[in-house]
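Visitor: Mind having a look at this structure? Questions to follow.
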Amino acid sequence: MLGKLGWDAIPFDQPIPLIAGAVVMLALLGVLIWIAIRGWIPYLWNEWITSVDHKHIGIMYILLGLLMLLRGFIDAIMMRSQQALAFHAQGYLPPEHYDQVFSAHGTLMILFGAMPLIIGIMNFVVPLQLGARDVAFPTLNSVSFWLTATGALLVNLSLVIGEFSRVGWLPYPPLSELRYSPGVGVDYYLWAVQISGIGTLLTGINFVTTILKIRAPGMTYLRMPMFCWTSLASCLLIVAAFPVLTATLAMLTLDRYLGFHFFTNEAGGNAMMFVNLIWAWGHPEVYILVLPAFGIFSEVISTFSGKPLFGYRSMVAATLFICIVSFCVWLHHFFTMGAGGDVNAVFGIASSIIAVGTGVKMYNWLFTMYGGRIRFTTPMLWSLGFMTTFITGGLTGVLLAVPPADFLLHNSMFLIAHFHHVIIGAVIFGVFAAITYWWPKAFGFRLHEGWGKAAFWCALAGFYVTFVPLYVTGILGMTRRLQHYDVAEWRPWLLVSVVGVVILICGAICQVIQLVVSIAHRDELRDVTGDPWNGRTLEWATSSPPPVFNFAVLPPVQGAEVYWQVKQRAFEHQRLPKEPDYEPIEMPRNSPTGFVCAFFATLIGFALIWHIWWLMIVGLAGAYATFVVFAWRDVPEYMIPADEVARIDRENRASRQAVLSGAQWT
Amino acid sequence: MSSTAASIGSADPYRLGQRGPNLARGHGGGGPATKRVIVGYGFWLFLLSDIIIFACLFATYAVLAQATAGGPAAKQIFELDRVAWETACLLASSFFCGMATIAVAKRNQLLTQVTLLATGLTGLAFILLESSEFAALNAQGFGPSRSAFLTSFYTLVGCHGVHVTAGLLWLGTMMAQFFAKGFRPDIGRRFLCFSMFWHFLDVIWVAIFSLVYLVGTRL
């Protein structure tokens with residue numbers, strides 16, 4: 001009846017996950033009860049859960065990403081403290097638990113932390129920058145989000161029901177095959193990543209279509225803001241790379257469930273094929289994360305330097321160069337496989353060449369700042385922190401790209417330090433820059449600058465204190481994923497690393513305080529202009545928060561940096577552009593399809609993990625029924641009357657007029 | 001044809017030779033495309049991603065084709081006669097799907113239903129033939145667990161079969177939608193996607209037929 005599921009799946013003998021799970025569930029229950037008492041459930045259902053508005057979906061993505069980032073960070077704290085304690089000792093995490101912690105940490109941080117954060121920012125910003133009303137397929141967008149949430153739910157469920165994978169964030173066979181990992185841990189990983197991967201693939205398709213097909217009239221390719229270009233490159237990579245992940249995980253699933261022999265030791269299976277396939281996805285995935293971050297820094301640096309982006313066309317070329325070459329470097333993840341000197345040389349050279357694209361971007365950012373009037377706001381500080389951190393992190397990467405050096409450093413703590421260096425330095429710094437930069441657009445008030453700067457400095461200092469010692473331990477020969485060790489030379493460096501973690505915790509606390517303080521003081525931080533930073537791109541042309549339809553009329557685009565030009569003209573003539581003729585606007589209706597799909601996807605995933613076959617059939621039937629019900633709807637859109645559009649837009653124009661007749665932008 | 005073209009036909013500002021205010025000039029400044037273009041374009045991207053899944057399976061098959069682990073090799077188990085019938089069924093199915101496209105453009109309910117039914121029946125025949133092939137192999141003890149070669153063979157061909165089966169479910173809902181809702185523009189767009197999907201499965205099958213069966217019986 002319940003497949004492999006029984007009372008022994010609850011880890012009564014392991015207090016840490018049990019207590020953590022109980023606390024999280026109590027907190028969730030408390031929040032739900034609070035929402036119910038305040039009578040907000042209809043609001044939550046109508047405005048958020050069933051929303052197909054790209055702005056709301058983007059915010060939900062970011063919320064999910066931040067929660068998972070926190071969960072992954074807690075895993076990181078456990079690993080660093082375990083290694084600080086486990087010198088000639090067992091520490092407080094037994095090996096089977098420690099293995100789950102590092103597997104969950106990597107999975108959560110990349111797939112359920114960084115990806116939702118980046119996709120959330122794309123969701124919120126891209127349609128606004130393109131002058132579009134929404135994404136190409138709004139309901140599909142909601143489905144994408146909820147499938148991602150399903151994956152995150154399954155990973156976290158493994159904390160209290162069963163166990164998570166112990167084989168690392170990429171389940172290398174033959175260790176991940178049924179014979180060596182008979183538990184449900186790898187299955188949790190497979191189904192969580194598979195379901196959320198489908199969501200990500202749909203997002204990629206959605207955004208490529210959005211960016212290529214529904215830009216405002218006159219916005220030619222070379223008038224698109226840089227963030228749209230990098231998002232396009234990232235989504236092209238998603239469309240090209242995520243199917244590889246889907247296929248690879250499906251093959252491993254077939255091995256585990258039906259006794260196939262793709263990657264087994266027996267019957268002619270080939271385990272190295274898995275490693276090739278997974279990295280053919282895995283390396284582009286790195287650039288899927290980092291390219292949008294490059295776009296964020298381009299917008300932030302240009303805005304806060306008060307100058308157009310230097311070398312726009314070379315930036316576009318560098319982005320597309322990285323997009324293509326990112327598919328030609330995957331083998332550098334396993335130079336030690338023994339593919340031979342020639343193959344290693346080709347991939348080593350390609351891996352060094354890809355840094356050229358990033359170098360072009362670095363110089364463009366530097367020259368954007370050169371001669372500009374720089375404002376050192378929090379987003380700008382994150383960007384500057386990124387530039388310094390990413391250059392040094394990139395250099396250690398170029399070192400690893402040299403096969404002879406890689407033979408010494410492969411799978412060592414040096415590698416761990418390197419990829420944290422670039423991912424934290426680029427993606428996480430970029431995400432926090434983006435959140436501070438676009439927060440006023442989303443909510444109509446700024447974030448508190450003081451706490452934001454405190455969070456930045458703690459993160460920057462904490463990052464270096466944590467990871468520079470790990471480079472040293474790597475050079476001293478420490479391999480990754482050690483549950484305990486007895487080499488005295490490593491100990492001091494691992495202790496310093498824990499100090500860095502403490503500083504990072506301070507940064508995280510500052511970040512939370514920043515949010516709380518800003519929300520409490522939102523009236524003082526209110527931005528009524530819709531353009532708090534003296535911005536240059538179209539999202540600053542609409543009010544904050546934007547109306548559901550984004551733009552009352554689709555903005556006609558006559559050049560690059562269209563909003564900057566309109567603004568300069570308005571200042572010159574001391575009046576706003578002529579009021580447009582308002583027309584009724586057709587918008588997609590909200591739909592619970594995404595939420596219902598995710599509900600059934602959760603059932604299917606859970607049933608497959610625990611071999612509850614009847615539940616799987618129920619889930620599949622439910623998913624098909626949802627598809628039919630959605631196809632059967634008669635009224636997919638609703639109209640917003642012209643009067644309503646005019647009323648909303650006149651408010652926005654009035655606030656702009658006030659700025660025009662008043663002072664300058666700050 | 002003109003009224004049909006306006007609603008579910010090909011009112012496409014990006015089409016060559018068309019003149020109008022929305023004419024795209026090749027730099028992407030034409031403003032938002034029509035819904036039909038957006039939906040069709042998005043579905044093309046989906047098909048591309050699906051092609052990449054098949055590319056992975058083809059690559060896997062190429063790597064594992066010789067790994068027979070003492071089991072049968074391709075030459076010993078493939079029956080080209082049955083595969084020829086499968087191919088004939090699938091190509092006929094695609095032909096009927098093309099006829100259905102014409103029937104939908106003509107807004108002829110009877111012809112639409114008949115041609116779609118023919119599409120479905122020939123598709124079903126393909127699935128039954130393929131199942132009989134798999135069943136016969138299994139009966140001889142040559143299941144997917146026998147060797148890495150058979151694993152990759154069953155997965156590649158089976159993945160195509162699963163696609164056809166899902167397509168049959170989709171086909172059923174398309175017929176029901178045309179029957180219950182008529183020739184609405186949004187249903188026309190869905191049918192555009194369905195027909196692209198169905199022809200795409202043909203393309204994949206041609207690759208499977210050539211690279212797996214023809215090459216397999218030669219080597």
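Note on naming: chains are A, B, ... as they come in the structure tokens, residues start from 1 per chain, ligands start from 1 in the order shown.
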Which neighbours of Trp191 (chain A) fall inside 7 Å, counting only C-alpha atoms, when residues of the same chain fewer than 4 positions from it are skipped, and could you give them as a VMD selection string?

Guide: chain A and resid 187 195 605

Visitor: Got a sec: who's within 12 Å of Gly340 (chain A), counting only C-alpha atoms, leaving out chain neighbours fewer than 5 positions off, as number ranges by chain?

Guide: A: 331, 334-335, 345-347, 403-404

Visitor: For the contact check between chain B and chain A, emit one row per residue of chain B within 7 Å, containing the shortest atom pair and the distance in Å rounded to one decimal, counting only C-alpha atoms, chain then rising number order, as CSV.

Guide:
residue,atom,partner,partner_atom,distance
B:His27,CA,A:Thr220,CA,5.2
B:Gly28,CA,A:Thr220,CA,4.6
B:Gly29,CA,A:Gly218,CA,4.1
B:Gly30,CA,A:Pro217,CA,5.5
B:Gly31,CA,A:Pro217,CA,3.5
B:Pro32,CA,A:Ile214,CA,3.9
B:Ala33,CA,A:Lys213,CA,5.7
B:Ile38,CA,A:Lys213,CA,6.4
B:Tyr41,CA,A:Thr209,CA,6.7
B:Gly42,CA,A:Thr209,CA,5.6
B:Leu45,CA,A:Ile205,CA,6.0
B:Phe46,CA,A:Ile205,CA,6.5
B:Ser49,CA,A:Val239,CA,5.6
B:Asp50,CA,A:Pro243,CA,6.9
B:Ile52,CA,A:Pro243,CA,6.0
B:Ile53,CA,A:Pro243,CA,5.2
B:Cys56,CA,A:Val244,CA,6.5
B:Ala67,CA,A:Gly268,CA,5.0
B:Thr68,CA,A:Gly268,CA,6.7
B:Ala69,CA,A:Ala267,CA,5.1
B:Pro144,CA,A:Phe260,CA,6.0
B:Ser145,CA,A:Phe260,CA,4.8
B:Ser147,CA,A:Ala267,CA,4.9
B:Ala148,CA,A:His261,CA,4.9
B:Thr151,CA,A:Phe260,CA,5.5

Visitor: Using only C-alpha atoms, which residue out of B:Ser152, B:Thr101, B:Gln109, B:Thr217 lies closest to Val63 (chain B)?

Guide: B:Ser152

Visitor: Looking at only C-alpha atoms, which of A:Ile161, A:Leu460, A:Ala350, A:Val290 is the one that sits closest to Thr319 (chain A)?

Guide: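 Checking each candidate against Thr319 (chain A), we get A:Val290 as the closest.
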
Visitor: Within 9 Å of Lys567 (chain A), counting only C-alpha atoms, which residues show up once you throw out same-chain ones fewer than 4 positions away? Write them as a PyMOL selection string, please.

Guide: chain A and resi 536+541+562-563+571-572+576

Visitor: Would you save the residues from that selection as an mmCIF file, in the first residue's frame, using N, CA and C atoms?

Guide:
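Written out: selection.cif:
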data_model
loop_
_atom_site.group_PDB
_atom_site.id
_atom_site.type_symbol
_atom_site.label_atom_id
_atom_site.label_comp_id
_atom_site.auth_asym_id
_atom_site.auth_seq_id
_atom_site.Cartn_x
_atom_site.Cartn_y
_atom_site.Cartn_z
ATOM 1 N N ARG A 536 18.210 54.485 -16.435
ATOM 2 C CA ARG A 536 18.378 54.716 -17.863
ATOM 3 C C ARG A 536 17.499 53.812 -18.709
ATOM 4 N N ALA A 541 10.569 53.881 -16.273
ATOM 5 C CA ALA A 541 9.593 54.790 -16.862
ATOM 6 C C ALA A 541 8.207 54.589 -16.282
ATOM 7 N N VAL A 562 16.366 54.269 -24.090
ATOM 8 C CA VAL A 562 15.209 55.068 -24.494
ATOM 9 C C VAL A 562 14.702 55.935 -23.343
ATOM 10 N N TYR A 563 14.650 55.398 -22.136
ATOM 11 C CA TYR A 563 14.088 56.181 -21.036
ATOM 12 C C TYR A 563 14.981 57.374 -20.709
ATOM 13 N N PHE A 571 13.484 67.224 -19.407
ATOM 14 C CA PHE A 571 14.172 68.274 -18.650
ATOM 15 C C PHE A 571 14.455 69.484 -19.544
ATOM 16 N N GLU A 572 14.848 69.211 -20.778
ATOM 17 C CA GLU A 572 15.198 70.279 -21.700
ATOM 18 C C GLU A 572 13.991 71.171 -21.957
ATOM 19 N N LEU A 576 6.569 66.990 -19.842
ATOM 20 C CA LEU A 576 6.547 65.567 -20.162
ATOM 21 C C LEU A 576 6.131 65.375 -21.615
#

Visitor: Apply DSSP to the structure's backbone, then extract all residues of region 329-386 of chain A labelled helix (DSSP H, G or I) and return them as a compact mmCIF listing (two decimals) with C-alpha atoms, in the first residue's frame.

Guide:
# COMPACT_ATOMS: atom_id res chain seq x y z
CA TRP A 330 33.05 20.55 -20.02
CA LEU A 331 35.92 18.07 -19.99
CA HIS A 332 38.01 20.28 -17.70
CA HIS A 333 35.90 18.89 -14.84
CA PHE A 334 37.64 15.53 -15.25
CA PHE A 335 41.06 15.97 -16.84
CA THR A 336 42.13 13.07 -14.63
CA MET A 337 39.73 10.72 -16.44
CA GLY A 341 47.08 14.59 -23.55
CA ASP A 342 45.61 15.85 -26.82
CA VAL A 343 42.01 15.91 -25.62
CA ASN A 344 43.03 17.51 -22.33
CA ALA A 345 45.03 20.16 -24.20
CA VAL A 346 42.07 21.11 -26.40
CA PHE A 347 39.75 21.51 -23.44
CA GLY A 348 42.43 23.23 -21.35
CA ILE A 349 42.96 25.82 -24.08
CA ALA A 350 39.21 26.30 -24.54
CA SER A 351 38.84 26.79 -20.79
CA SER A 352 41.50 29.49 -20.81
CA ILE A 353 40.02 31.18 -23.88
CA ILE A 354 36.59 31.51 -22.32
CA ALA A 355 38.13 33.87 -19.77
CA VAL A 356 38.77 36.31 -22.63
CA GLY A 357 35.06 37.07 -22.91
CA THR A 358 34.92 37.86 -19.22
CA GLY A 359 38.05 39.99 -19.56
CA VAL A 360 36.34 42.10 -22.22
CA LYS A 361 33.46 42.64 -19.85
CA MET A 362 35.76 43.63 -16.98
CA TYR A 363 37.40 46.33 -19.07
CA ASN A 364 34.01 47.57 -20.26
CA TRP A 365 32.83 47.95 -16.67
CA LEU A 366 36.05 49.75 -15.71
CA PHE A 367 35.73 52.17 -18.64
CA THR A 368 32.06 52.72 -17.81
CA MET A 369 33.14 53.95 -14.41
CA THR A 378 24.76 49.41 -1.83
CA PRO A 379 24.20 47.88 -5.31
CA MET A 380 27.33 49.67 -6.54
CA LEU A 381 29.35 48.31 -3.60
CA TRP A 382 28.21 44.76 -4.42
CA SER A 383 29.31 45.38 -8.01
CA LEU A 384 32.74 46.65 -7.02
CA GLY A 385 33.13 43.75 -4.60
CA PHE A 386 32.24 41.44 -7.46

Visitor: Would you please work out which residue, of A:Ala570, A:Leu252, A:Leu130, A:Met478, is nearest to Pro555 (chain A) when using only C-alpha atoms?

Guide: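 Ranked by minimum distance to Pro555 (chain A), first place goes to A:Leu130.
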
Visitor: Between A:Ala417, A:Leu5, A:Met226, A:Ile435, which is the closest to Leu66 (chain A) once you count only C-alpha atoms?

Guide: A:Ile435

Visitor: When distances are computed from only C-alpha atoms, which of B:Lys106, B:Phe54, B:Cys97, B:Ala74 shows the smallest separation from Val212 (chain B)?

Guide: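 Counting only C-alpha atoms, the residue closest to Val212 (chain B) is B:Ala74.
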
Visitor: Would you mind reading off the distance between CA of Leu85 (chain A) and CA of Asp13 (chain A), one decimal, in Å?

Guide: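 Distance reported for this atom pair: 21.8 Å.
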
Visitor: May I have the residues within 12 Å of Met25 (chain A) as a ChimeraX atom specification, using only C-alpha atoms and disregarding those fewer than 5 positions away in the same chain?

Guide: /A:17-20,30-32,153,156-157,159-160

Visitor: To one decimal place in Å, what is the distance between CA of Ala135 (chain B) and CA of Ile604 (chain A)?

Guide: 27.0 Å

Visitor: So how far away is CA of Arg522 (chain A) from CA of Ala442 (chain A), in Å?

Guide: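 A separation of 12.9 Å between them.
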
Visitor: So that I can see what lies close to Gly462 (chain A), please list as an MDAnalysis selection string the residues with an atom at most 9 Å from it, counting only C-alpha atoms and leaving out residues fewer than 4 positions away in the same chain.

Guide: chainID A and resid 457:458 466:467 497 499:507
